[in-house]
$ cat start07.cif   # mmCIF, C-alpha atoms and all ligand atoms
data_final
loop_
_atom_site.label_atom_id
_atom_site.label_comp_id
_atom_site.auth_asym_id
_atom_site.auth_seq_id
_atom_site.Cartn_x
_atom_site.Cartn_y
_atom_site.Cartn_z
CA MET A 104 -95.95 -26.39 114.91
CA ALA A 105 -93.61 -23.49 114.42
CA GLY A 106 -94.16 -19.74 114.10
CA ARG A 107 -93.26 -18.24 110.74
CA SER A 108 -93.15 -14.69 109.34
CA VAL A 109 -94.92 -14.97 106.01
CA VAL A 110 -94.97 -12.35 103.25
CA VAL A 111 -98.62 -11.44 102.63
CA GLY A 112 -98.11 -8.26 100.60
CA VAL A 113 -95.46 -6.44 98.58
CA GLY A 114 -95.27 -3.06 96.85
CA HIS A 115 -92.91 -0.37 95.65
CA TYR A 116 -92.66 3.22 94.54
CA LEU A 117 -90.19 4.92 92.21
CA PRO A 118 -89.97 8.70 91.78
CA GLU A 119 -91.22 10.01 88.43
CA ARG A 120 -87.94 11.42 87.15
CA VAL A 121 -85.91 8.87 85.16
CA VAL A 122 -82.28 9.77 84.49
CA PRO A 123 -80.53 7.87 81.66
CA ASN A 124 -76.74 7.41 81.71
CA THR A 125 -76.39 9.84 78.81
CA GLU A 126 -77.42 12.71 81.11
CA PHE A 127 -74.11 12.35 83.00
CA GLU A 128 -72.13 12.67 79.75
CA GLN A 129 -73.02 16.36 79.71
CA THR A 130 -71.33 17.20 83.03
CA LEU A 131 -68.76 14.45 83.65
CA ASP A 132 -65.93 12.67 81.85
CA THR A 133 -67.98 9.47 81.55
CA SER A 134 -70.03 7.56 79.01
CA ASP A 135 -73.18 5.47 78.79
CA GLU A 136 -70.92 2.66 77.58
CA TRP A 137 -68.62 2.80 80.66
CA ILE A 138 -71.52 2.87 83.11
CA ARG A 139 -73.33 -0.01 81.35
CA THR A 140 -70.34 -2.29 80.99
CA ARG A 141 -68.82 -1.64 84.44
CA SER A 142 -72.06 -1.64 86.47
CA GLY A 143 -74.99 -2.84 84.32
CA ILE A 144 -76.87 0.37 85.12
CA GLU A 145 -78.80 2.04 82.26
CA ARG A 146 -81.03 4.47 84.13
CA ARG A 147 -82.13 5.39 87.66
CA HIS A 148 -84.91 7.42 89.30
CA PHE A 149 -84.24 10.60 91.26
CA ALA A 150 -86.69 12.09 93.76
CA ALA A 151 -88.11 15.56 93.09
CA ASP A 152 -86.65 18.40 95.18
CA ASP A 153 -89.62 18.37 97.54
CA GLU A 154 -89.89 14.58 97.73
CA THR A 155 -88.38 12.89 100.80
CA THR A 156 -87.55 9.35 101.87
CA SER A 157 -90.71 9.12 104.01
CA ASP A 158 -92.79 10.18 100.97
CA LEU A 159 -91.36 7.30 98.91
CA ALA A 160 -91.68 4.91 101.86
CA THR A 161 -95.33 5.83 102.49
CA LYS A 162 -96.25 5.15 98.85
CA ALA A 163 -94.47 1.78 98.87
CA ALA A 164 -96.15 0.90 102.19
CA GLU A 165 -99.58 1.81 100.81
CA ALA A 166 -98.97 -0.42 97.78
CA ALA A 167 -97.89 -3.33 100.02
CA LEU A 168 -100.94 -2.92 102.29
CA LYS A 169 -103.21 -2.86 99.24
CA ASP A 170 -101.56 -6.01 97.90
CA ALA A 171 -102.13 -7.68 101.29
CA GLY A 172 -105.75 -6.49 101.47
CA LEU A 173 -104.98 -4.92 104.86
CA GLU A 174 -105.46 -1.54 106.54
CA ALA A 175 -102.82 0.39 108.51
CA SER A 176 -104.77 -0.48 111.69
CA ASP A 177 -103.98 -4.17 111.04
CA ILE A 178 -100.23 -3.49 111.42
CA ASP A 179 -98.43 -3.71 114.80
CA ALA A 180 -94.99 -2.44 113.79
CA ILE A 181 -93.06 -0.65 111.06
CA VAL A 182 -89.37 -1.38 110.57
CA LEU A 183 -87.86 0.98 108.00
CA ALA A 184 -84.36 0.52 106.61
CA THR A 185 -82.74 3.75 105.46
CA SER A 186 -79.53 5.76 105.63
CA THR A 187 -81.23 8.87 104.24
CA ALA A 188 -84.06 9.68 106.68
CA ASP A 189 -85.86 13.02 106.18
CA LEU A 190 -84.70 14.43 109.52
CA THR A 191 -82.04 13.63 112.12
CA PHE A 192 -85.02 12.61 114.24
CA PRO A 193 -87.74 11.42 114.55
CA SER A 194 -87.32 8.24 112.56
CA ALA A 195 -88.66 8.09 109.02
CA ALA A 196 -90.65 5.06 110.25
CA THR A 197 -92.72 7.15 112.69
CA MET A 198 -93.35 9.70 109.92
CA VAL A 199 -94.68 6.87 107.72
CA GLN A 200 -96.74 5.61 110.68
CA ALA A 201 -98.43 9.03 110.96
CA ARG A 202 -98.97 9.34 107.21
CA LEU A 203 -100.64 5.91 107.10
CA GLY A 204 -102.97 6.96 109.94
CA MET A 205 -101.62 4.20 112.18
CA THR A 206 -102.08 5.23 115.81
CA ASN A 207 -101.31 1.89 117.45
CA GLY A 208 -98.13 -0.19 117.57
CA PHE A 209 -94.57 1.11 117.14
CA ALA A 210 -92.15 2.16 114.42
CA PHE A 211 -88.39 2.57 114.14
CA ASP A 212 -85.58 2.88 111.58
CA VAL A 213 -82.76 0.43 110.95
CA GLN A 214 -79.45 1.74 109.62
CA ALA A 215 -77.23 -0.82 107.90
CA VAL A 216 -76.81 1.06 104.60
CA CYS A 217 -77.16 -1.24 101.55
CA ALA A 218 -77.64 -4.26 103.82
CA GLY A 219 -80.39 -2.39 105.67
CA PHE A 220 -83.31 -4.35 104.28
CA VAL A 221 -81.78 -7.70 105.20
CA PHE A 222 -81.17 -6.38 108.75
CA ALA A 223 -84.74 -4.99 108.89
CA LEU A 224 -86.24 -8.30 107.72
CA SER A 225 -84.25 -10.21 110.31
CA ASN A 226 -85.37 -7.81 113.07
CA ALA A 227 -89.01 -7.94 111.95
CA ASN A 228 -88.82 -11.74 111.94
CA ALA A 229 -87.47 -11.67 115.51
CA LEU A 230 -90.33 -9.38 116.60
CA ILE A 231 -92.84 -11.82 115.15
CA LEU A 232 -91.19 -14.99 116.47
CA SER A 233 -90.93 -13.49 119.98
CA GLY A 234 -94.62 -12.58 119.95
CA GLN A 235 -94.04 -8.80 120.07
CA ALA A 236 -95.87 -8.20 116.80
CA LYS A 237 -98.29 -10.09 114.59
CA ARG A 238 -98.01 -8.05 111.41
CA VAL A 239 -94.97 -5.96 110.51
CA LEU A 240 -94.51 -3.57 107.63
CA VAL A 241 -90.86 -3.84 106.54
CA ILE A 242 -89.76 -0.98 104.30
CA GLY A 243 -86.54 -0.07 102.49
CA ALA A 244 -86.50 3.55 101.29
CA GLU A 245 -83.71 5.87 100.18
CA THR A 246 -82.93 9.19 98.56
CA PHE A 247 -79.22 8.62 97.89
CA SER A 248 -79.33 11.42 95.28
CA ARG A 249 -79.10 13.77 98.31
CA ILE A 250 -75.68 12.48 99.39
CA MET A 251 -73.97 12.29 95.98
CA ASP A 252 -70.89 14.33 95.12
CA TRP A 253 -71.92 15.29 91.58
CA SER A 254 -68.30 15.93 90.62
CA ASP A 255 -67.22 12.36 91.54
CA ARG A 256 -67.84 10.19 88.47
CA SER A 257 -66.81 7.04 90.33
CA THR A 258 -69.87 7.22 92.62
CA CYS A 259 -72.58 9.60 91.40
CA VAL A 260 -73.49 7.52 88.32
CA LEU A 261 -74.19 4.42 90.41
CA PHE A 262 -77.01 5.33 92.80
CA GLY A 263 -80.76 5.99 92.58
CA ASP A 264 -83.81 6.70 94.73
CA GLY A 265 -86.80 4.47 95.47
CA ALA A 266 -88.71 2.43 98.03
CA GLY A 267 -90.12 -1.06 98.47
CA ALA A 268 -92.15 -2.69 101.24
CA LEU A 269 -93.33 -6.07 102.47
CA VAL A 270 -96.04 -7.01 104.94
CA LEU A 271 -94.97 -9.91 107.17
CA GLU A 272 -97.62 -11.83 109.10
CA ALA A 273 -97.29 -14.41 111.90
CA GLN A 274 -98.54 -17.77 110.67
CA ASP A 275 -98.13 -21.35 111.82
CA GLY A 276 -95.82 -23.65 109.92
CA ASN A 277 -94.72 -27.22 110.51
CA GLY A 278 -91.11 -26.24 111.22
CA SER A 279 -89.73 -27.71 108.00
CA SER A 280 -88.14 -25.89 105.06
CA ASP A 281 -91.38 -26.47 103.14
CA ASP A 282 -93.02 -23.76 105.27
CA ARG A 283 -93.86 -20.43 103.71
CA GLY A 284 -92.14 -17.43 105.29
CA ILE A 285 -88.69 -16.59 106.61
CA LEU A 286 -86.71 -19.80 107.14
CA SER A 287 -83.34 -18.41 108.24
CA THR A 288 -81.16 -15.31 108.41
CA ASP A 289 -77.46 -14.48 108.63
CA LEU A 290 -76.18 -11.03 109.65
CA ASN A 291 -72.58 -9.78 109.71
CA SER A 292 -70.58 -6.58 110.03
CA ASP A 293 -66.94 -5.63 110.29
CA GLY A 294 -66.31 -2.01 111.26
CA ARG A 295 -62.63 -2.19 110.34
CA TYR A 296 -63.70 -1.60 106.73
CA LYS A 297 -65.36 1.79 107.40
CA ASP A 298 -63.12 3.67 104.98
CA LEU A 299 -64.18 1.58 101.96
CA LEU A 300 -67.67 3.08 101.87
CA TYR A 301 -68.91 5.94 104.04
CA VAL A 302 -70.42 9.43 104.09
CA ASP A 303 -67.91 12.09 105.12
CA GLY A 304 -70.36 13.99 107.30
CA GLY A 305 -73.15 13.56 109.83
CA VAL A 306 -74.88 15.09 112.82
CA SER A 307 -71.96 14.77 115.20
CA THR A 308 -69.50 16.15 112.67
CA GLN A 309 -71.82 19.05 111.77
CA SER A 310 -72.45 18.44 108.07
CA THR A 311 -74.47 16.27 105.73
CA GLY A 312 -71.48 14.97 103.80
CA HIS A 313 -71.13 13.02 100.59
CA LEU A 314 -70.81 9.32 99.80
CA ARG A 315 -67.22 8.15 99.37
CA MET A 316 -66.38 4.69 98.04
CA GLN A 317 -63.35 2.66 97.08
CA GLY A 318 -65.46 0.76 94.55
CA ASN A 319 -62.98 -1.87 93.48
CA GLN A 320 -62.22 -2.78 97.13
CA VAL A 321 -65.93 -3.10 97.96
CA PHE A 322 -66.33 -5.19 94.80
CA ARG A 323 -63.74 -7.69 96.00
CA HIS A 324 -65.38 -8.12 99.41
CA ALA A 325 -68.85 -8.30 97.85
CA VAL A 326 -68.64 -11.45 95.73
CA GLU A 327 -66.83 -13.45 98.40
CA LYS A 328 -68.96 -12.33 101.37
CA LEU A 329 -72.32 -12.45 99.56
CA ALA A 330 -71.96 -16.04 98.34
CA LYS A 331 -70.77 -17.10 101.81
CA THR A 332 -73.61 -15.40 103.74
CA ALA A 333 -76.19 -16.81 101.30
CA GLU A 334 -74.79 -20.31 101.75
CA THR A 335 -74.64 -19.91 105.55
CA ALA A 336 -78.28 -18.82 105.68
CA LEU A 337 -79.33 -21.67 103.36
CA GLY A 338 -77.42 -24.14 105.55
CA ARG A 339 -79.27 -22.90 108.66
CA ALA A 340 -82.54 -23.75 106.91
CA GLY A 341 -81.22 -27.21 105.94
CA LEU A 342 -81.06 -26.16 102.28
CA THR A 343 -78.44 -25.70 99.57
CA SER A 344 -78.11 -23.50 96.46
CA GLY A 345 -79.74 -26.30 94.46
CA ASP A 346 -83.02 -25.66 96.31
CA VAL A 347 -83.13 -21.96 95.36
CA ASP A 348 -85.72 -20.72 92.84
CA TRP A 349 -84.62 -17.07 92.99
CA ILE A 350 -81.64 -15.15 94.21
CA VAL A 351 -82.95 -11.63 94.87
CA PRO A 352 -79.67 -9.79 95.40
CA HIS A 353 -78.87 -6.23 96.39
CA GLN A 354 -78.71 -4.43 93.07
CA ALA A 355 -75.36 -2.62 93.07
CA ASN A 356 -73.52 -3.98 90.06
CA ILE A 357 -74.43 -6.66 87.50
CA ARG A 358 -70.90 -8.07 87.67
CA ILE A 359 -71.21 -8.59 91.45
CA ILE A 360 -74.62 -10.21 90.91
CA GLN A 361 -73.20 -12.52 88.21
CA GLY A 362 -70.10 -13.35 90.27
CA THR A 363 -72.18 -14.25 93.33
CA ALA A 364 -74.60 -16.44 91.33
CA LYS A 365 -71.64 -18.21 89.73
CA LYS A 366 -69.99 -18.85 93.10
CA MET A 367 -73.30 -20.32 94.29
CA GLY A 368 -73.47 -22.52 91.19
CA LEU A 369 -76.69 -20.96 89.91
CA PRO A 370 -77.41 -19.63 86.40
CA MET A 371 -78.61 -16.05 85.82
CA GLU A 372 -82.07 -17.49 84.95
CA ASN A 373 -82.51 -17.89 88.72
CA VAL A 374 -81.67 -14.26 89.54
CA VAL A 375 -84.05 -11.28 89.70
CA VAL A 376 -82.17 -8.36 88.11
CA THR A 377 -83.39 -4.75 88.25
CA VAL A 378 -80.06 -2.89 88.45
CA GLN A 379 -80.40 -1.71 84.83
CA ASP A 380 -83.55 0.27 85.67
CA HIS A 381 -82.99 1.37 89.28
CA GLY A 382 -79.24 1.69 89.81
CA ASN A 383 -78.13 1.11 93.40
CA THR A 384 -80.97 2.19 95.68
CA SER A 385 -79.20 0.95 98.83
CA ALA A 386 -81.72 -0.42 101.39
CA ALA A 387 -84.56 -0.10 98.87
CA SER A 388 -83.06 -2.37 96.24
CA ILE A 389 -84.15 -5.78 97.57
CA PRO A 390 -87.82 -4.92 98.29
CA LEU A 391 -87.93 -3.12 94.92
CA ALA A 392 -86.61 -6.25 93.22
CA LEU A 393 -89.04 -8.51 95.12
CA SER A 394 -91.96 -6.32 94.07
CA VAL A 395 -90.85 -6.01 90.44
CA GLY A 396 -90.00 -9.73 90.33
CA LYS A 397 -93.53 -10.56 91.44
CA GLU A 398 -95.03 -8.08 88.94
CA ARG A 399 -93.01 -9.65 86.11
CA GLY A 400 -94.40 -13.07 87.03
CA GLN A 401 -90.96 -14.37 88.06
CA ILE A 402 -91.65 -14.86 91.79
CA LYS A 403 -94.60 -17.15 92.56
CA PRO A 404 -96.13 -18.53 95.77
CA GLY A 405 -94.03 -21.38 97.15
CA ASP A 406 -90.79 -20.24 95.50
CA LEU A 407 -87.63 -20.45 97.60
CA ILE A 408 -85.84 -17.09 97.67
CA VAL A 409 -82.47 -16.05 99.02
CA THR A 410 -81.82 -12.32 99.39
CA GLU A 411 -78.32 -11.04 100.07
CA ALA A 412 -76.73 -7.60 100.43
CA ILE A 413 -73.51 -5.82 101.41
CA GLY A 414 -72.75 -2.17 102.02
CA GLY A 415 -71.16 0.44 104.26
CA GLY A 416 -69.85 -0.84 107.56
CA LEU A 417 -69.03 -3.15 106.03
CA ALA A 418 -72.36 -4.78 106.88
CA TRP A 419 -73.73 -7.79 105.03
CA GLY A 420 -76.18 -10.63 105.33
CA ALA A 421 -78.80 -12.89 103.80
CA VAL A 422 -82.37 -14.02 104.40
CA VAL A 423 -83.89 -17.26 103.12
CA LEU A 424 -87.66 -17.23 102.68
CA ARG A 425 -90.36 -19.19 100.94
CA TRP A 426 -92.76 -16.83 99.11
O1 LIG B 501 -74.13 -0.99 97.44
C1 LIG B 501 -73.03 -0.87 98.26
C2 LIG B 501 -71.93 -1.65 97.74
N1 LIG B 501 -71.33 -1.02 96.61
C3 LIG B 501 -70.96 -1.75 95.59
O2 LIG B 501 -71.21 -2.94 95.63
C4 LIG B 501 -70.16 -1.15 94.51
C5 LIG B 501 -68.99 -2.01 94.23
N2 LIG B 501 -68.08 -1.56 93.20
C6 LIG B 501 -68.43 -1.45 91.89
O3 LIG B 501 -69.58 -1.62 91.53
C7 LIG B 501 -67.33 -1.18 90.90
O4 LIG B 501 -66.11 -1.24 91.58
C8 LIG B 501 -67.45 0.19 90.16
C9 LIG B 501 -68.60 0.16 89.19
C10 LIG B 501 -67.65 1.28 91.20
C11 LIG B 501 -66.16 0.48 89.39
O5 LIG B 501 -65.82 -0.60 88.55
P1 LIG B 501 -64.33 -1.19 88.52
O6 LIG B 501 -64.28 -2.17 87.45
O7 LIG B 501 -64.03 -1.66 89.92
O8 LIG B 501 -63.46 0.06 88.12
P2 LIG B 501 -62.31 0.82 88.93
O9 LIG B 501 -62.84 1.48 90.17
O10 LIG B 501 -61.16 -0.10 89.10
O11 LIG B 501 -61.95 1.95 87.89
C12 LIG B 501 -61.53 1.68 86.59
C13 LIG B 501 -61.28 3.00 85.85
C14 LIG B 501 -60.50 4.03 86.65
O12 LIG B 501 -59.59 4.63 85.77
P3 LIG B 501 -58.05 4.22 85.76
O13 LIG B 501 -57.57 4.52 87.14
O14 LIG B 501 -58.02 2.75 85.43
O15 LIG B 501 -57.46 5.10 84.70
C15 LIG B 501 -61.54 5.04 87.04
O16 LIG B 501 -61.01 6.35 87.18
O17 LIG B 501 -62.53 3.62 85.51
C16 LIG B 501 -62.48 5.00 85.87
N3 LIG B 501 -63.85 5.46 86.18
C17 LIG B 501 -64.69 5.93 85.25
N4 LIG B 501 -64.57 6.12 83.92
C18 LIG B 501 -65.63 6.59 83.25
C19 LIG B 501 -64.47 5.46 87.38
N5 LIG B 501 -65.72 5.93 87.24
C20 LIG B 501 -65.88 6.23 85.92
C21 LIG B 501 -66.96 6.74 85.17
N6 LIG B 501 -66.80 6.90 83.85
N7 LIG B 501 -68.16 7.03 85.72
#

$ encode --input "start07.cif" --output "structure tokens" --more "lines below"
Ligand code: UT7
Amino acid sequence: MAGRSVVVGVGHYLPERVVPNTEFEQTLDTSDEWIRTRSGIERRHFAADDETTSDLATKAAEAALKDAGLEASDIDAIVLATSTADLTFPSAATMVQARLGMTNGFAFDVQAVCAGFVFALSNANALILSGQAKRVLVIGAETFSRIMDWSDRSTCVLFGDGAGALVLEAQDGNGSSDDRGILSTDLNSDGRYKDLLYVDGGVSTQSTGHLRMQGNQVFRHAVEKLAKTAETALGRAGLTSGDVDWIVPHQANIRIIQGTAKKMGLPMENVVVTVQDHGNTSAASIPLALSVGKERGQIKPGDLIVTEAIGGGLAWGAVVLRW
């Protein structure tokens, strides 16, 4: 027998306001055509002025709990991946904990930018496997619209707001790759690449700052590192790309998604793609895609999934799980 962290619920929330590419044509030297062909993005959601990351996260968490048929009191821990928490402190996770009416257990944020959800899943899995928690709510939630430089066409057209959540539960497996749940993880970072993607402000530098990115440099790292981390994680589970039913990638750019699938030898029929509707929602993009993929009828119980993401740090990684 082996302990496994099994997904028993999934949900998401997107802010009401949908912004099509054409809206940027009014204020920037850009076009719907450029944004679509270079990134695959057609529209994104932006949070209302009074809507915060913990608001989006709470709604996604409620949807995941409902899907699992569980109450907040059934949860031992909340791990929330975000780079855009409401306040410097406390964590957005503890704010969600209060909003859900959860008075037991513990909650904390994980900050690994666009790779945040993969890092959060890996941490939640470790909490479960070490016996520190039985059920963990793992959330990715972001309001990247708050850190955009609206005069920088090379970044502000790419990002969106949203949240997604999973409920992980400790269950017994037989220790083989046929088990449901998380089968393996692979986490990486390399701080030497800080200047490729960062926010030029923060608490200790006394400002909020704006997102800065050398997009084409990040692009180059992305395809190579994403295929490698996915294959490393698959190898740790005794699996190969040929076993994969769905790649659920971080949704930053359709060309990165296509390049990674190609490197892994998988057709686009095996990839859940939501980038056209959500843009890049950073740590929220994978749980959003898992939730939408399930809603669309793509992801079914027993399917083998590999998630992979890269972002600021650089930080990147992958998680292999059976749904
Ligand atoms: O989630 C975290 C990880 N982030 C990513 O994975 C993002 C990775 N990078 C990308 O997705 C792509 O690099 C971009 C979509 C950001 C850019 O695509 P690209 O094919 O790498 O284009 P580029 O940066 O090489 O720029 C090509 C041209 C430039 O003009 P010149 O120098 O060739 O004259 C840019 O100034 O496109 C120009 N450009 C734009 N033109 C119209 C940049 N942004 C825009 C724009 N509209 N919005």

$ closest_residue --input "start07.cif" --among "A:Thr156, A:Ser292, A:Ser248, A:Thr258" --to "ligand LIG 501 (chain B)" --atoms "all atoms listed in the file"
A:Thr258

$ residues_around --input "start07.cif" --residues "Ala163 of chain A" --least-positions-apart "6" --cutoff "9 Å" --atoms "only C-alpha atoms" --output "list in words"
Val113, Gly114, His115, Tyr116, Leu117, Ile242, Gly243, Ala244, Gly265, Ala266, Gly267, Ala268 and Leu269 of chain A

$ axis_aligned_box --input "start07.cif" --around "ligand LIG 501 (chain B)" --padding-each-side "3 Å" --output "lines of an AutoDock Vina configuration file"
center_x = -65.8
center_y = 2.0
center_z = 90.8
size_x = 22.7
size_y = 16.0
size_z = 21.0

$ residues_near_ligand --input "start07.cif" --ligand "ligand LIG 501 (chain B)" --cutoff "7 Å" --atoms "all atoms listed in the file" --output "compact mmCIF listing (two decimals) with C-alpha atoms, keeping the file's coordinate frame"
# COMPACT_ATOMS: atom_id res chain seq x y z
CA ASP A 132 -65.93 12.67 81.85
CA THR A 133 -67.98 9.47 81.55
CA SER A 134 -70.03 7.56 79.01
CA TRP A 137 -68.62 2.80 80.66
CA ILE A 138 -71.52 2.87 83.11
CA ARG A 141 -68.82 -1.64 84.44
CA SER A 142 -72.06 -1.64 86.47
CA CYS A 217 -77.16 -1.24 101.55
CA ARG A 256 -67.84 10.19 88.47
CA SER A 257 -66.81 7.04 90.33
CA THR A 258 -69.87 7.22 92.62
CA VAL A 260 -73.49 7.52 88.32
CA GLY A 318 -65.46 0.76 94.55
CA ASN A 319 -62.98 -1.87 93.48
CA GLN A 320 -62.22 -2.78 97.13
CA VAL A 321 -65.93 -3.10 97.96
CA PHE A 322 -66.33 -5.19 94.80
CA ALA A 325 -68.85 -8.30 97.85
CA ALA A 355 -75.36 -2.62 93.07
CA ASN A 356 -73.52 -3.98 90.06
CA ASN A 383 -78.13 1.11 93.40
CA SER A 385 -79.20 0.95 98.83
CA ILE A 413 -73.51 -5.82 101.41
CA GLY A 414 -72.75 -2.17 102.02
CA GLY A 415 -71.16 0.44 104.26

$ residues_around --input "start07.cif" --residues "segment 399-405 of chain A" --least-positions-apart "2" --cutoff "12 Å" --atoms "all atoms listed in the file" --output "PyMOL selection string"
chain A and resi 109-113+280-285+346-351+372-377+392-397+407-409+424-426

$ closest_residue --input "start07.cif" --among "A:Thr185, A:Gly341, A:Thr161, A:Ala227" --to "Val199 of chain A" --atoms "all atoms listed in the file"
A:Thr161

$ residues_around --input "start07.cif" --residues "His148 of chain A" --least-positions-apart "3" --cutoff "12 Å" --atoms "all atoms listed in the file" --output "number ranges by chain"
A: 116-124, 144-145, 151, 159, 245-248, 260-266, 378-384

$ atom_distance --input "start07.cif" --atom1 "atom CA of Ala184 of chain A" --atom2 "atom CA of Val213 of chain A"
4.6 Å

$ closest_residue --input "start07.cif" --among "A:Val422, A:Ala150, A:Leu271, A:Ala210" --to "Ala167 of chain A" --atoms "all atoms listed in the file"
A:Leu271

$ atom_distance --input "start07.cif" --atom1 "atom CA of Asp170 of chain A" --atom2 "atom CA of Val270 of chain A"
9.0 Å

$ atom_distance --input "start07.cif" --atom1 "atom CA of Val216 of chain A" --atom2 "atom CA of Thr130 of chain A"
27.5 Å

$ residues_around --input "start07.cif" --residues "segment 363-367 of chain A" --least-positions-apart "2" --cutoff "10 Å" --atoms "only C-alpha atoms" --output "ChimeraX atom specification"
/A:325-331,333-334,343-345,350,352,357-361,369-374,411

$ closest_residue --input "start07.cif" --among "A:Ala236, A:Val302, A:Val241, A:Leu286" --to "Leu337 of chain A" --atoms "all atoms listed in the file"
A:Leu286

$ decode --input "start07.cif" --residues "segment 297-303 of chain A" --atoms "all heavy atoms" --output "PDB file, in the first residue's frame"
ATOM      1  N   LYS A 297      16.705  36.178 -13.211  1.00  0.00           N
ATOM      2  CA  LYS A 297      15.740  37.130 -12.639  1.00  0.00           C
ATOM      3  C   LYS A 297      15.322  38.206 -13.634  1.00  0.00           C
ATOM      4  O   LYS A 297      14.147  38.543 -13.762  1.00  0.00           O
ATOM      5  CB  LYS A 297      16.348  37.806 -11.405  1.00  0.00           C
ATOM      6  CG  LYS A 297      15.393  38.741 -10.705  1.00  0.00           C
ATOM      7  CD  LYS A 297      16.103  39.916 -10.038  1.00  0.00           C
ATOM      8  CE  LYS A 297      15.973  41.168 -10.869  1.00  0.00           C
ATOM      9  NZ  LYS A 297      16.774  42.292 -10.470  1.00  0.00           N
ATOM     10  N   ASP A 298      16.292  38.755 -14.368  1.00  0.00           N
ATOM     11  CA  ASP A 298      15.991  39.914 -15.211  1.00  0.00           C
ATOM     12  C   ASP A 298      15.109  39.605 -16.416  1.00  0.00           C
ATOM     13  O   ASP A 298      14.639  40.515 -17.087  1.00  0.00           O
ATOM     14  CB  ASP A 298      17.293  40.573 -15.689  1.00  0.00           C
ATOM     15  CG  ASP A 298      18.023  41.239 -14.533  1.00  0.00           C
ATOM     16  OD1 ASP A 298      17.391  41.439 -13.474  1.00  0.00           O
ATOM     17  OD2 ASP A 298      19.223  41.540 -14.691  1.00  0.00           O
ATOM     18  N   LEU A 299      14.868  38.341 -16.704  1.00  0.00           N
ATOM     19  CA  LEU A 299      14.023  37.999 -17.867  1.00  0.00           C
ATOM     20  C   LEU A 299      12.549  38.241 -17.598  1.00  0.00           C
ATOM     21  O   LEU A 299      11.762  38.447 -18.531  1.00  0.00           O
ATOM     22  CB  LEU A 299      14.219  36.522 -18.276  1.00  0.00           C
ATOM     23  CG  LEU A 299      15.608  36.100 -18.706  1.00  0.00           C
ATOM     24  CD1 LEU A 299      15.563  34.703 -19.313  1.00  0.00           C
ATOM     25  CD2 LEU A 299      16.212  37.095 -19.692  1.00  0.00           C
ATOM     26  N   LEU A 300      12.157  38.185 -16.327  1.00  0.00           N
ATOM     27  CA  LEU A 300      10.736  38.316 -15.984  1.00  0.00           C
ATOM     28  C   LEU A 300      10.633  38.662 -14.507  1.00  0.00           C
ATOM     29  O   LEU A 300      10.953  37.828 -13.654  1.00  0.00           O
ATOM     30  CB  LEU A 300      10.022  36.979 -16.298  1.00  0.00           C
ATOM     31  CG  LEU A 300       8.550  36.829 -15.949  1.00  0.00           C
ATOM     32  CD1 LEU A 300       7.725  37.986 -16.473  1.00  0.00           C
ATOM     33  CD2 LEU A 300       8.007  35.517 -16.518  1.00  0.00           C
ATOM     34  N   TYR A 301      10.237  39.899 -14.208  1.00  0.00           N
ATOM     35  CA  TYR A 301      10.192  40.336 -12.814  1.00  0.00           C
ATOM     36  C   TYR A 301       9.254  41.525 -12.689  1.00  0.00           C
ATOM     37  O   TYR A 301       8.811  42.099 -13.693  1.00  0.00           O
ATOM     38  CB  TYR A 301      11.602  40.696 -12.312  1.00  0.00           C
ATOM     39  CG  TYR A 301      12.201  41.917 -12.994  1.00  0.00           C
ATOM     40  CD1 TYR A 301      12.260  43.145 -12.344  1.00  0.00           C
ATOM     41  CD2 TYR A 301      12.677  41.837 -14.301  1.00  0.00           C
ATOM     42  CE1 TYR A 301      12.786  44.268 -12.976  1.00  0.00           C
ATOM     43  CE2 TYR A 301      13.199  42.954 -14.942  1.00  0.00           C
ATOM     44  CZ  TYR A 301      13.251  44.164 -14.271  1.00  0.00           C
ATOM     45  OH  TYR A 301      13.745  45.268 -14.905  1.00  0.00           O
ATOM     46  N   VAL A 302       8.952  41.911 -11.444  1.00  0.00           N
ATOM     47  CA  VAL A 302       8.204  43.133 -11.174  1.00  0.00           C
ATOM     48  C   VAL A 302       9.194  44.125 -10.571  1.00  0.00           C
ATOM     49  O   VAL A 302       9.918  43.784  -9.629  1.00  0.00           O
ATOM     50  CB  VAL A 302       7.016  42.851 -10.225  1.00  0.00           C
ATOM     51  CG1 VAL A 302       6.393  44.153  -9.750  1.00  0.00           C
ATOM     52  CG2 VAL A 302       5.967  41.998 -10.937  1.00  0.00           C
ATOM     53  N   ASP A 303       9.224  45.341 -11.128  1.00  0.00           N
ATOM     54  CA  ASP A 303      10.252  46.300 -10.712  1.00  0.00           C
ATOM     55  C   ASP A 303       9.834  47.091  -9.470  1.00  0.00           C
ATOM     56  O   ASP A 303       9.994  48.311  -9.408  1.00  0.00           O
ATOM     57  CB  ASP A 303      10.636  47.224 -11.872  1.00  0.00           C
ATOM     58  CG  ASP A 303       9.439  48.016 -12.395  1.00  0.00           C
ATOM     59  OD1 ASP A 303       8.329  47.869 -11.847  1.00  0.00           O
ATOM     60  OD2 ASP A 303       9.617  48.778 -13.371  1.00  0.00           O
TER      61      ASP A 303
END
